[in-house]
Structures are given as C-alpha cells and as structure tokens.
>>> print(open('protein-v9.cif').read())   # mmCIF, C-alpha atoms
data_input
loop_
_atom_site.label_atom_id
_atom_site.label_comp_id
_atom_site.auth_asym_id
_atom_site.auth_seq_id
_atom_site.Cartn_x
_atom_site.Cartn_y
_atom_site.Cartn_z
CA MET A 19 19.69 -9.07 2.42
CA ARG A 20 16.95 -9.97 -0.05
CA LEU A 21 16.53 -6.39 -1.31
CA ALA A 22 20.16 -5.30 -1.46
CA ASP A 23 20.86 -2.55 -4.01
CA LYS A 24 17.15 -1.92 -4.58
CA VAL A 25 15.35 1.42 -4.16
CA ALA A 26 11.72 1.47 -2.99
CA ILE A 27 8.98 4.06 -2.70
CA VAL A 28 6.31 3.40 -0.08
CA THR A 29 3.31 5.73 -0.08
CA GLY A 30 1.47 6.17 3.19
CA GLY A 31 4.76 5.25 4.83
CA GLY A 32 4.42 7.38 7.96
CA SER A 33 2.51 4.84 10.03
CA GLY A 34 0.84 1.45 10.15
CA ILE A 35 1.32 -0.99 7.31
CA GLY A 36 3.35 1.44 5.21
CA LYS A 37 5.86 2.09 7.96
CA ALA A 38 6.16 -1.62 8.73
CA ILE A 39 6.86 -2.35 5.06
CA ALA A 40 9.49 0.40 4.87
CA MET A 41 11.20 -0.95 8.00
CA ALA A 42 11.21 -4.50 6.60
CA PHE A 43 12.66 -3.26 3.30
CA VAL A 44 15.48 -1.42 5.07
CA ARG A 45 16.29 -4.53 7.13
CA GLU A 46 16.57 -6.45 3.86
CA GLY A 47 19.04 -3.94 2.40
CA ALA A 48 16.84 -1.56 0.40
CA GLN A 49 17.03 2.21 0.27
CA VAL A 50 13.55 3.57 0.93
CA VAL A 51 11.53 6.70 0.23
CA ILE A 52 8.40 7.10 2.37
CA ALA A 53 5.66 9.49 1.29
CA GLY A 54 2.64 11.08 2.92
CA ARG A 55 1.03 14.44 3.58
CA ASP A 56 2.10 14.95 7.21
CA ARG A 57 5.75 16.02 7.12
CA GLU A 58 6.32 15.78 10.90
CA LYS A 59 4.91 12.25 11.05
CA LEU A 60 7.07 11.24 8.10
CA GLU A 61 10.23 12.65 9.66
CA ARG A 62 9.55 10.77 12.89
CA ALA A 63 8.90 7.58 10.96
CA ALA A 64 12.08 7.99 8.89
CA ALA A 65 14.13 8.39 12.07
CA GLU A 66 12.55 5.21 13.49
CA ILE A 67 12.97 3.25 10.26
CA GLY A 68 16.64 4.16 10.11
CA GLY A 69 18.98 3.23 7.31
CA ASP A 70 19.02 5.54 4.32
CA CYS A 71 15.32 6.43 4.54
CA LEU A 72 14.13 9.59 2.79
CA ALA A 73 10.85 11.25 3.85
CA VAL A 74 8.97 13.19 1.15
CA SER A 75 5.83 15.15 1.95
CA ALA A 76 3.56 14.81 -1.09
CA ASP A 77 -0.12 14.52 -1.99
CA VAL A 78 -0.32 11.43 -4.19
CA SER A 79 -3.81 12.34 -5.40
CA SER A 80 -2.31 15.14 -7.53
CA ALA A 81 0.01 14.85 -10.53
CA LYS A 82 2.19 17.61 -9.09
CA GLY A 83 2.54 15.70 -5.83
CA THR A 84 3.51 12.45 -7.54
CA GLU A 85 6.05 14.23 -9.73
CA LYS A 86 7.59 15.77 -6.61
CA LEU A 87 7.82 12.37 -4.96
CA VAL A 88 9.38 10.55 -7.88
CA SER A 89 11.80 13.39 -8.65
CA ALA A 90 13.00 13.38 -5.03
CA ALA A 91 13.56 9.61 -5.16
CA ILE A 92 15.55 9.82 -8.40
CA GLU A 93 17.59 12.78 -7.18
CA LYS A 94 18.53 10.95 -3.98
CA PHE A 95 18.96 7.36 -5.18
CA THR A 96 19.10 7.62 -9.04
CA ARG A 97 16.71 4.70 -9.66
CA ILE A 98 13.43 3.07 -8.58
CA ASN A 99 13.04 -0.71 -8.39
CA ILE A 100 10.03 -1.14 -6.08
CA LEU A 101 6.78 0.76 -5.56
CA VAL A 102 4.32 0.07 -2.75
CA ASN A 103 1.00 1.86 -3.31
CA ASN A 104 -0.21 1.89 0.28
CA ALA A 105 -1.70 5.38 0.77
CA ALA A 106 -5.42 5.13 1.49
CA VAL A 107 -8.32 6.66 3.35
CA LEU A 108 -11.34 4.93 4.91
CA LEU A 109 -14.44 7.11 5.14
CA PRO A 110 -17.51 5.16 6.34
CA GLY A 111 -20.92 5.45 4.77
CA THR A 112 -23.68 3.74 2.81
CA ALA A 113 -24.86 4.67 -0.67
CA GLU A 114 -27.35 7.03 1.00
CA SER A 115 -25.32 8.48 3.84
CA LEU A 116 -21.99 9.04 2.10
CA SER A 117 -21.37 12.61 0.96
CA GLU A 118 -20.12 13.41 -2.53
CA GLU A 119 -17.00 14.94 -0.96
CA ASP A 120 -16.17 11.75 0.97
CA PHE A 121 -16.81 9.58 -2.09
CA ASP A 122 -14.55 11.74 -4.24
CA GLN A 123 -11.79 11.87 -1.61
CA THR A 124 -11.85 8.08 -1.28
CA PHE A 125 -11.34 7.57 -5.00
CA ASP A 126 -8.87 10.44 -5.34
CA ILE A 127 -6.49 8.84 -2.85
CA ASN A 128 -7.21 5.11 -3.07
CA VAL A 129 -7.54 4.83 -6.86
CA ARG A 130 -6.40 8.00 -8.64
CA GLY A 131 -3.35 8.27 -6.38
CA LEU A 132 -2.32 4.68 -7.10
CA TRP A 133 -2.62 5.33 -10.85
CA LEU A 134 -0.70 8.62 -10.73
CA VAL A 135 2.24 7.26 -8.75
CA THR A 136 2.43 4.14 -10.88
CA ARG A 137 2.36 6.19 -14.07
CA ALA A 138 5.21 8.37 -12.80
CA VAL A 139 7.34 5.40 -11.71
CA LEU A 140 6.98 3.16 -14.77
CA PRO A 141 9.56 4.94 -16.99
CA HIS A 142 12.16 4.62 -14.23
CA MET A 143 11.44 0.92 -13.78
CA ARG A 144 12.00 0.47 -17.52
CA ASP A 145 15.33 2.25 -17.13
CA ALA A 146 16.17 -0.23 -14.34
CA ALA A 147 15.26 -3.19 -16.62
CA GLY A 148 12.25 -4.11 -14.49
CA GLY A 149 10.65 -3.68 -11.11
CA SER A 150 7.99 -4.76 -8.66
CA ILE A 151 4.79 -2.82 -7.95
CA ILE A 152 2.83 -3.87 -4.87
CA ASN A 153 -0.66 -2.46 -4.46
CA ILE A 154 -2.25 -2.65 -1.02
CA GLY A 155 -5.88 -3.59 -1.44
CA SER A 156 -8.13 -4.95 1.30
CA VAL A 157 -10.20 -7.97 2.15
CA LEU A 158 -12.97 -5.64 1.02
CA SER A 159 -11.51 -5.86 -2.48
CA LEU A 160 -13.12 -9.30 -2.45
CA VAL A 161 -16.10 -9.25 -0.08
CA GLY A 162 -18.56 -6.63 1.09
CA ALA A 163 -19.05 -4.96 4.45
CA ARG A 164 -21.70 -2.73 5.93
CA ASN A 165 -21.16 1.03 5.89
CA ARG A 166 -18.09 0.79 3.61
CA VAL A 167 -19.54 1.43 0.16
CA ALA A 168 -16.89 3.85 -1.16
CA TYR A 169 -13.95 2.09 0.49
CA SER A 170 -15.06 -1.32 -0.79
CA ALA A 171 -15.56 0.03 -4.31
CA SER A 172 -12.16 1.73 -4.30
CA LYS A 173 -10.35 -1.37 -3.06
CA GLY A 174 -12.17 -3.53 -5.60
CA ALA A 175 -10.76 -1.16 -8.22
CA VAL A 176 -7.26 -1.66 -6.78
CA ALA A 177 -7.48 -5.43 -7.30
CA ALA A 178 -8.82 -5.01 -10.85
CA MET A 179 -6.16 -2.42 -11.75
CA THR A 180 -3.47 -4.77 -10.44
CA LYS A 181 -4.44 -7.47 -12.92
CA ALA A 182 -4.73 -5.05 -15.84
CA MET A 183 -1.36 -3.41 -15.11
CA ALA A 184 0.29 -6.81 -14.67
CA LEU A 185 -0.75 -7.74 -18.20
CA ASP A 186 0.28 -4.38 -19.62
CA HIS A 187 3.82 -4.52 -18.24
CA ALA A 188 4.72 -8.22 -17.95
CA ALA A 189 6.84 -8.12 -21.10
CA GLU A 190 8.87 -5.28 -19.59
CA ASN A 191 9.80 -7.39 -16.54
CA ILE A 192 7.64 -5.12 -14.35
CA ARG A 193 5.60 -7.26 -11.99
CA VAL A 194 2.37 -5.97 -10.41
CA ASN A 195 0.74 -7.72 -7.46
CA CYS A 196 -1.80 -6.90 -4.76
CA ILE A 197 -1.92 -7.69 -1.04
CA CYS A 198 -5.39 -7.71 0.50
CA PRO A 199 -5.16 -7.43 4.30
CA GLY A 200 -7.96 -8.16 6.70
CA ILE A 201 -8.26 -6.04 9.84
CA VAL A 202 -4.76 -5.05 10.91
CA GLU A 203 -3.84 -3.22 14.12
CA THR A 204 -3.14 0.27 12.74
CA GLU A 205 -4.07 3.87 13.51
CA MET A 206 -6.79 3.70 10.87
CA VAL A 207 -8.38 0.64 12.48
CA ALA A 208 -8.03 2.11 15.98
CA LYS A 209 -10.44 4.91 15.04
CA PHE A 210 -13.16 2.31 14.47
CA SER A 211 -12.34 0.09 17.46
CA THR A 212 -12.84 2.41 20.43
CA ASP A 213 -15.85 0.42 21.65
CA GLU A 214 -14.63 -2.79 23.28
CA ASN A 215 -17.76 -4.79 22.42
CA ALA A 216 -17.50 -3.76 18.78
CA ARG A 217 -13.85 -4.72 18.79
CA LYS A 218 -14.63 -8.18 20.17
CA GLN A 219 -17.26 -8.68 17.49
CA ARG A 220 -14.77 -7.78 14.76
CA VAL A 221 -12.10 -10.06 16.21
CA ALA A 222 -14.64 -12.90 16.31
CA LEU A 223 -15.07 -12.60 12.52
CA HIS A 224 -11.51 -13.90 12.10
CA PRO A 225 -11.17 -17.69 12.47
CA MET A 226 -7.63 -17.25 13.83
CA GLY A 227 -9.09 -15.23 16.72
CA CYS A 228 -7.10 -12.02 16.38
CA PHE A 229 -6.43 -9.00 14.22
CA GLY A 230 -3.35 -8.98 12.03
CA GLN A 231 -0.18 -7.03 12.76
CA PRO A 232 1.57 -4.68 10.30
CA LYS A 233 4.53 -7.08 10.17
CA ASP A 234 2.25 -9.77 8.71
CA ILE A 235 1.72 -7.59 5.65
CA ALA A 236 5.33 -6.40 5.58
CA ASN A 237 6.63 -9.98 5.37
CA ALA A 238 4.50 -10.61 2.28
CA ALA A 239 5.63 -7.32 0.73
CA VAL A 240 9.28 -8.33 1.09
CA PHE A 241 8.58 -11.56 -0.79
CA LEU A 242 6.75 -9.74 -3.62
CA ALA A 243 9.48 -7.10 -3.83
CA SER A 244 12.30 -9.64 -3.96
CA ASP A 245 13.59 -11.83 -6.76
CA GLU A 246 12.06 -14.81 -4.95
CA SER A 247 8.73 -13.88 -6.54
CA GLY A 248 10.23 -13.43 -10.00
CA TRP A 249 7.47 -15.43 -11.73
CA THR A 250 4.61 -13.86 -9.77
CA THR A 251 2.52 -11.13 -11.37
CA GLY A 252 -1.17 -10.28 -11.44
CA SER A 253 -1.70 -12.08 -8.12
CA VAL A 254 -4.04 -10.99 -5.34
CA LEU A 255 -2.73 -12.29 -2.03
CA THR A 256 -5.23 -12.30 0.82
CA ILE A 257 -3.81 -12.07 4.36
CA ASP A 258 -6.79 -11.91 6.68
CA GLY A 259 -6.68 -14.60 9.38
CA GLY A 260 -9.27 -16.63 7.48
CA TYR A 261 -11.90 -13.84 7.29
CA SER A 262 -12.69 -14.26 3.59
CA ALA A 263 -12.58 -18.07 3.67
CA GLN A 264 -15.92 -18.30 5.46
#
>>> encode(input="protein-v9.cif", output="structure tokens")
Amino acid sequence: MRLADKVAIVTGGGSGIGKAIAMAFVREGAQVVIAGRDREKLERAAAEIGGDCLAVSADVSSAKGTEKLVSAAIEKFTRINILVNNAAVLLPGTAESLSEEDFDQTFDINVRGLWLVTRAVLPHMRDAAGGSIINIGSVLSLVGARNRVAYSASKGAVAAMTKAMALDHAAENIRVNCICPGIVETEMVAKFSTDENARKQRVALHPMGCFGQPKDIANAAVFLASDESGWTTGSVLTIDGGYSAQ
C-alpha cells in the first residue's frame, strides 16, 4: 500500500490515462477525487474505480471550476497530498488551418487549467507538509508532429512549467514532475485511429511495435506519487515505446 493515507486529485479522471491512474492509486491505498466535465462519465468511472473515490464535475479551465474541485476534495477528505494534472484536449491543425477558437481551447485546458488547479492545491499541500504534483505531458512535449501545432505547443509548455514549478516549491517539500506518454490506447487516440492503415503506420513509429496501455502510465504515476521518488523533482519521464529515441 504505497499510497496509504494519501489523498489525490486526478483531473480528466473519467477515462483513459486519468482513470487508470485513479484506479492504481486506489489499489495502493489512496483516497481519490476524479474530475472532469461529464458528470455521468465520472460517476460511472468512480463506480468502476471503487474504494473511496469521489467524482466532481468541474471545468478546470476556470477559476470557479478549480475552486469547486479543491473545496469538494477538502470537504470530503480534509487534505490533498497528490495532484495529477491529466485533463487535456487534442484538436488537430497546422498554423494555417487551426481556428482561433481551437487554439484558445487547447491552451485553456492543457495549460491554463493545469496552472489553475495547481495554484488552488498548493496551499493545501503546504498544510500537509509537502506533496507530489504529476503533470501529464506528451511525447510531443519533446518532438514535433504534423498537424498538431497547438497540442504540441501546449504540451511543450507543460514540460517547461513542470521544471519552473519544481524549482519554486522544492524547499516546501512539494515535488513536481512530468510524464510524457507516447501514443496510448485511449478514447482520445481512438478518434484518430479509425483507419487501419493509418493505425499501422503509427504503430510502426514505435520501436517496441505497439501502442502503450493506460496502465503503463499509471505505474509511473504511482512511483512519482509515492515516497519512493522522494528525491525526484523537475523530471520529465518519457514513456513512449522508444518513439522519441529515434
């Protein structure tokens, strides 16, 4: 029980990587709050996750939404030890084709949302004498990809913010790290993998010959959330089947 007596918030916890992380945290003894905008999806996920999992419908791109989320977590569990900033949106486009609305939405959720939730959680981590913040970036935090200009830029910002926040809060025993997944089998990825030939081409980009699974990211999140990683902060951990090593 590597996370016994710890309380975690996982944004974007209704499906995919976020849900897998929440499930892994509960298995390791944590109490978990999952957040997202779709209440029905969250309630279904909470029932599947089990344990003492609280579902909170909130828009993390707004200050009011983040305040609602953090207040619900404190009311239910009295403290916050772990934050996983996983909520994200992927809207394809080039510098020419991307609309202003899609660009703004990408940064509102992927970057502004991460900042707002972190800002709201930090005082409670100080009250708990420390904590672990895990930001979910992307392999595109590190390398480029066609038709992903806003997403790549936003995830590059996530990696940079991780390092800056790690320095800001190291003396407070608040660790900040980033996981950068490659292509993982999630609902988000499924939308872009309906064509079998395109899917095979994407799989072939990974030297290990397959997409990742949500549990691959969840296992790393457990390590970064636990005391086992007590001297780890400001790190960017790439989990991508070898994609970025080429």
>>> residues_around(input="protein-v9.cif", residues="A:Lys181", least_positions_apart="5", cutoff="9 Å", atoms="only C-alpha atoms", output="ChimeraX atom specification")
/A:176,186,194-196,251-254
>>> atom_distance(input="protein-v9.cif", atom1="atom CA of A:Glu61", atom2="atom CA of A:Phe43")
17.3 Å
>>> resolve_selection(input="protein-v9.cif", expression="the PyMOL selection byres ((chain A and resi 64) around 10)", output="PyMOL selection string")
chain A and resi 31-32+37+40-41+50-52+58-63+65-74
>>> residues_around(input="protein-v9.cif", residues="A:Gly149", least_positions_apart="6", cutoff="12 Å", atoms="only C-alpha atoms", output="MDAnalysis selection string")
chainID A and resid 21 24:27 97:102 136 139:143 184 187:195 242:245 247:248 250:251
>>> closest_residue(input="protein-v9.cif", among="A:Asp145, A:Glu93, A:Glu114, A:Asp77", to="A:Ile127", atoms="all atoms listed in the file")
A:Asp77
>>> residues_around(input="protein-v9.cif", residues="A:Ala81", least_positions_apart="3", cutoff="9 Å", atoms="only C-alpha atoms", output="PDB file with C-alpha atoms, keeping the file's coordinate frame")
ATOM      1  CA  ASP A  77      -0.120  14.520  -1.990  1.00  0.00           C
ATOM      2  CA  VAL A  78      -0.320  11.430  -4.190  1.00  0.00           C
ATOM      3  CA  THR A  84       3.510  12.450  -7.540  1.00  0.00           C
ATOM      4  CA  GLU A  85       6.050  14.230  -9.730  1.00  0.00           C
ATOM      5  CA  LYS A  86       7.590  15.770  -6.610  1.00  0.00           C
ATOM      6  CA  GLY A 131      -3.350   8.270  -6.380  1.00  0.00           C
ATOM      7  CA  LEU A 134      -0.700   8.620 -10.730  1.00  0.00           C
ATOM      8  CA  VAL A 135       2.240   7.260  -8.750  1.00  0.00           C
ATOM      9  CA  ALA A 138       5.210   8.370 -12.800  1.00  0.00           C
TER      10      ALA A 138
END
>>> resolve_selection(input="protein-v9.cif", expression="the PyMOL selection byres ((chain A and resi 200) around 7)", output="PDB file with C-alpha atoms, keeping the file's coordinate frame")
ATOM      1  CA  SER A 156      -8.130  -4.950   1.300  1.00  0.00           C
ATOM      2  CA  VAL A 157     -10.200  -7.970   2.150  1.00  0.00           C
ATOM      3  CA  CYS A 198      -5.390  -7.710   0.500  1.00  0.00           C
ATOM      4  CA  PRO A 199      -5.160  -7.430   4.300  1.00  0.00           C
ATOM      5  CA  ILE A 201      -8.260  -6.040   9.840  1.00  0.00           C
ATOM      6  CA  VAL A 202      -4.760  -5.050  10.910  1.00  0.00           C
ATOM      7  CA  ILE A 257      -3.810 -12.070   4.360  1.00  0.00           C
ATOM      8  CA  ASP A 258      -6.790 -11.910   6.680  1.00  0.00           C
ATOM      9  CA  TYR A 261     -11.900 -13.840   7.290  1.00  0.00           C
TER      10      TYR A 261
END
